[in-house]
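Single-structure report; data block below.
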Amino acid sequence: MQFDRPEKIRPIIRRWRNQWAATPRTSDYGMQVLSRVLAHAVELGKIAGNPCEGIKHLYEGDRSEIIWTDADIALIKKTCSVEIAQAIDMAGHTGLRLGDLLRLSWSHVEDEAIVLTTSKSRHKREAIIPLYGALRDVLARIPKRATTILTNSRGRPWTADGFGSSFNKTKIDAGMADRDLHFNDLRGTAATRFYVASFTMREIAETLAREEASVEKIINRYVGRNAALKARIRKMETRE
């Protein structure tokens, strides 16, 4: 079977993907569907691995100003599993990308911060996320069932495809299938929480590995005036 020979099938998949290069979102959607089918084949033992893994998406739009609001999170939590809710909470409080979240282990949690190298930097940069109160509360609610913090319903570490399939089903069940919200958009949600928790723009940018200008756009758009004023008052009182 060709799908069991990655070196043979991946060039074919890339050529198939590139047929829709002019409409990259359509191309990426086709890749998502194919990846889920092949992930299911892996689970059934039909093939050894998913050859779609590692093939980049074509669409790279700027999503820096797209975030999950509190109302969005409340809506999806009405129908999602405990395990998906835990992932949403961790993403919204750490700002980590999905790939890093799924491999995040309890050993990365130090006394004062979560520290791990980021996959996007090819592990050359570290994410250092201070353990502020709300994040400590999230971690305290998650049972230690594996070396990784996040696990599926069987208590095992998530695979990327397994989580992707479960999360997409969760969006459908919540009536949010047509909403242009990706899981990684929770990074913007984290940025607003960091700001309200008195992080500076520079500290937020360094934690999320983003430009300060990008962070400032998120804050200006999504942080309410009252929340912003309270955050500034706390900063002033601390300095005094």
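Just so we're on the same page: first chain in the structure tokens is A, next is B, and so on; residues restart at 1 for each chain, and ligands are numbered from 1 in the order they show up.
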Problem set entry | Contact residues around Thr147 in chain A with only C-alpha atoms at 10 Å, ignoring same-chain residues under 4 positions, as number ranges by chain | A: 103-107, 151, 156-157
Which range 102-138 of chain A residues have any atom within 10 Å of an atom of range 209-216 of chain A, and for each, what is the nearest pair of atoms with distance in Å to one decimal, counting only C-alpha atoms, rows sorted by chain and number, as a tab-separated table?
```
residue	atom	partner	partner_atom	distance
A:Thr118	CA	A:Ala209	CA	9.4
A:Lys120	CA	A:Ala209	CA	9.7
A:Ser121	CA	A:Ala209	CA	9.4
A:Arg125	CA	A:Ala209	CA	9.0
A:Glu126	CA	A:Ala209	CA	9.3
A:Ala127	CA	A:Ala209	CA	7.8
```
Dump of N, CA and C atoms for the selected residues, as a PDB file, in the first residue's frame:
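So again_24.pdb came out as:
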```
ATOM      1  N   THR A 118      10.118  25.806  22.501  1.00  0.00           N
ATOM      2  CA  THR A 118       8.986  25.817  21.578  1.00  0.00           C
ATOM      3  C   THR A 118       9.324  25.086  20.283  1.00  0.00           C
ATOM      4  N   LYS A 120       8.044  25.611  17.317  1.00  0.00           N
ATOM      5  CA  LYS A 120       8.136  26.493  16.140  1.00  0.00           C
ATOM      6  C   LYS A 120       9.547  27.042  15.983  1.00  0.00           C
ATOM      7  N   SER A 121      10.266  27.216  17.092  1.00  0.00           N
ATOM      8  CA  SER A 121      11.638  27.718  17.030  1.00  0.00           C
ATOM      9  C   SER A 121      12.643  26.588  16.854  1.00  0.00           C
ATOM     10  N   ARG A 125      14.266  28.356  21.299  1.00  0.00           N
ATOM     11  CA  ARG A 125      13.774  29.381  22.210  1.00  0.00           C
ATOM     12  C   ARG A 125      12.923  28.740  23.300  1.00  0.00           C
ATOM     13  N   GLU A 126      12.927  29.375  24.459  1.00  0.00           N
ATOM     14  CA  GLU A 126      12.130  28.884  25.576  1.00  0.00           C
ATOM     15  C   GLU A 126      10.908  29.762  25.799  1.00  0.00           C
ATOM     16  N   ALA A 127       9.794  29.106  26.084  1.00  0.00           N
ATOM     17  CA  ALA A 127       8.616  29.820  26.574  1.00  0.00           C
ATOM     18  C   ALA A 127       8.694  29.766  28.089  1.00  0.00           C
TER      19      ALA A 127
END
```
For this session: Could you give me, as an MDAnalysis selection string, each residue of range 18-234 of chain A that DSSP assigns to helix (DSSP H, G or I) when run on this structure's backbone?
Result: chainID A and resid 18 24:43 70:77 82:94 98:103 106:108 133:140 160:173 183:196 201:208 212:222 225:234
Exercise. Where does DSSP see strand (DSSP E) in range 52-166 of chain A, if you list the residues as a ChimeraX atom specification?
Worked result: /A:113-117,126-130
Please provide the set of residues having any atom within 9 Å of range 5-9 of chain A, restricted to only C-alpha atoms, with same-chain residues fewer than 6 positions apart removed, written as a compact mmCIF listing (two decimals) with N, CA and C atoms, in the first residue's frame.
```txt
# COMPACT_ATOMS: atom_id res chain seq x y z
N GLY A 49 1.65 4.91 9.91
CA GLY A 49 1.71 6.32 10.28
C GLY A 49 0.91 7.18 9.31
N ASN A 50 0.69 8.41 9.70
CA ASN A 50 -0.07 9.35 8.87
C ASN A 50 0.89 10.15 8.00
N PRO A 51 0.92 9.92 6.69
CA PRO A 51 1.87 10.63 5.83
C PRO A 51 1.56 12.11 5.66
N CYS A 52 0.39 12.56 6.11
CA CYS A 52 0.07 13.99 6.03
C CYS A 52 0.82 14.80 7.07
```
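Closest to Phe3 in chain A among A:Leu150, A:Ile47, A:Val37, A:Ala191 is A:Ile47, based on only C-alpha atoms.
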For this session: Can you pull out every residue within 9 Å of range 71-84 of chain A, counting only C-alpha atoms, but drop anything in the same chain fewer than 4 positions away, and send it as a ChimeraX atom specification?
Result: /A:88-89,142,150-153,163,166-167,170-171,173-176
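Considering the residues A:Arg17, A:Ile66, A:Arg10, A:Glu43 and counting only C-alpha atoms, Leu181 in chain A has its shortest atom-to-atom contact with A:Ile66.
Using only C-alpha atoms for every distance, the candidate list A:Arg141, A:His57, A:Arg187, A:Arg154 yields A:His57 as the residue closest to Thr26 in chain A.
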For this session: Find the residues near Leu102 in chain A: any atom within 8 Å, counting only C-alpha atoms, skip ones fewer than 3 places away on the same chain, and give them as a ChimeraX atom specification.
Result: /A:98-99,148-150,157-160
For this session: Would you please work out which residue, of A:Met90, A:Arg14, A:His108, A:Ser35, is nearest to Phe183 in chain A when using only C-alpha atoms?
Result: A:Met90
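Compared by their closest atoms to Tyr195 in chain A, and using only C-alpha atoms, the residues A:Ile219, A:Leu38, A:Val138, A:Leu96 rank with A:Ile219 nearest.
Rounded to one decimal, CA of Lys56 in chain A and CA of His123 in chain A lie 18.3 Å from each other.
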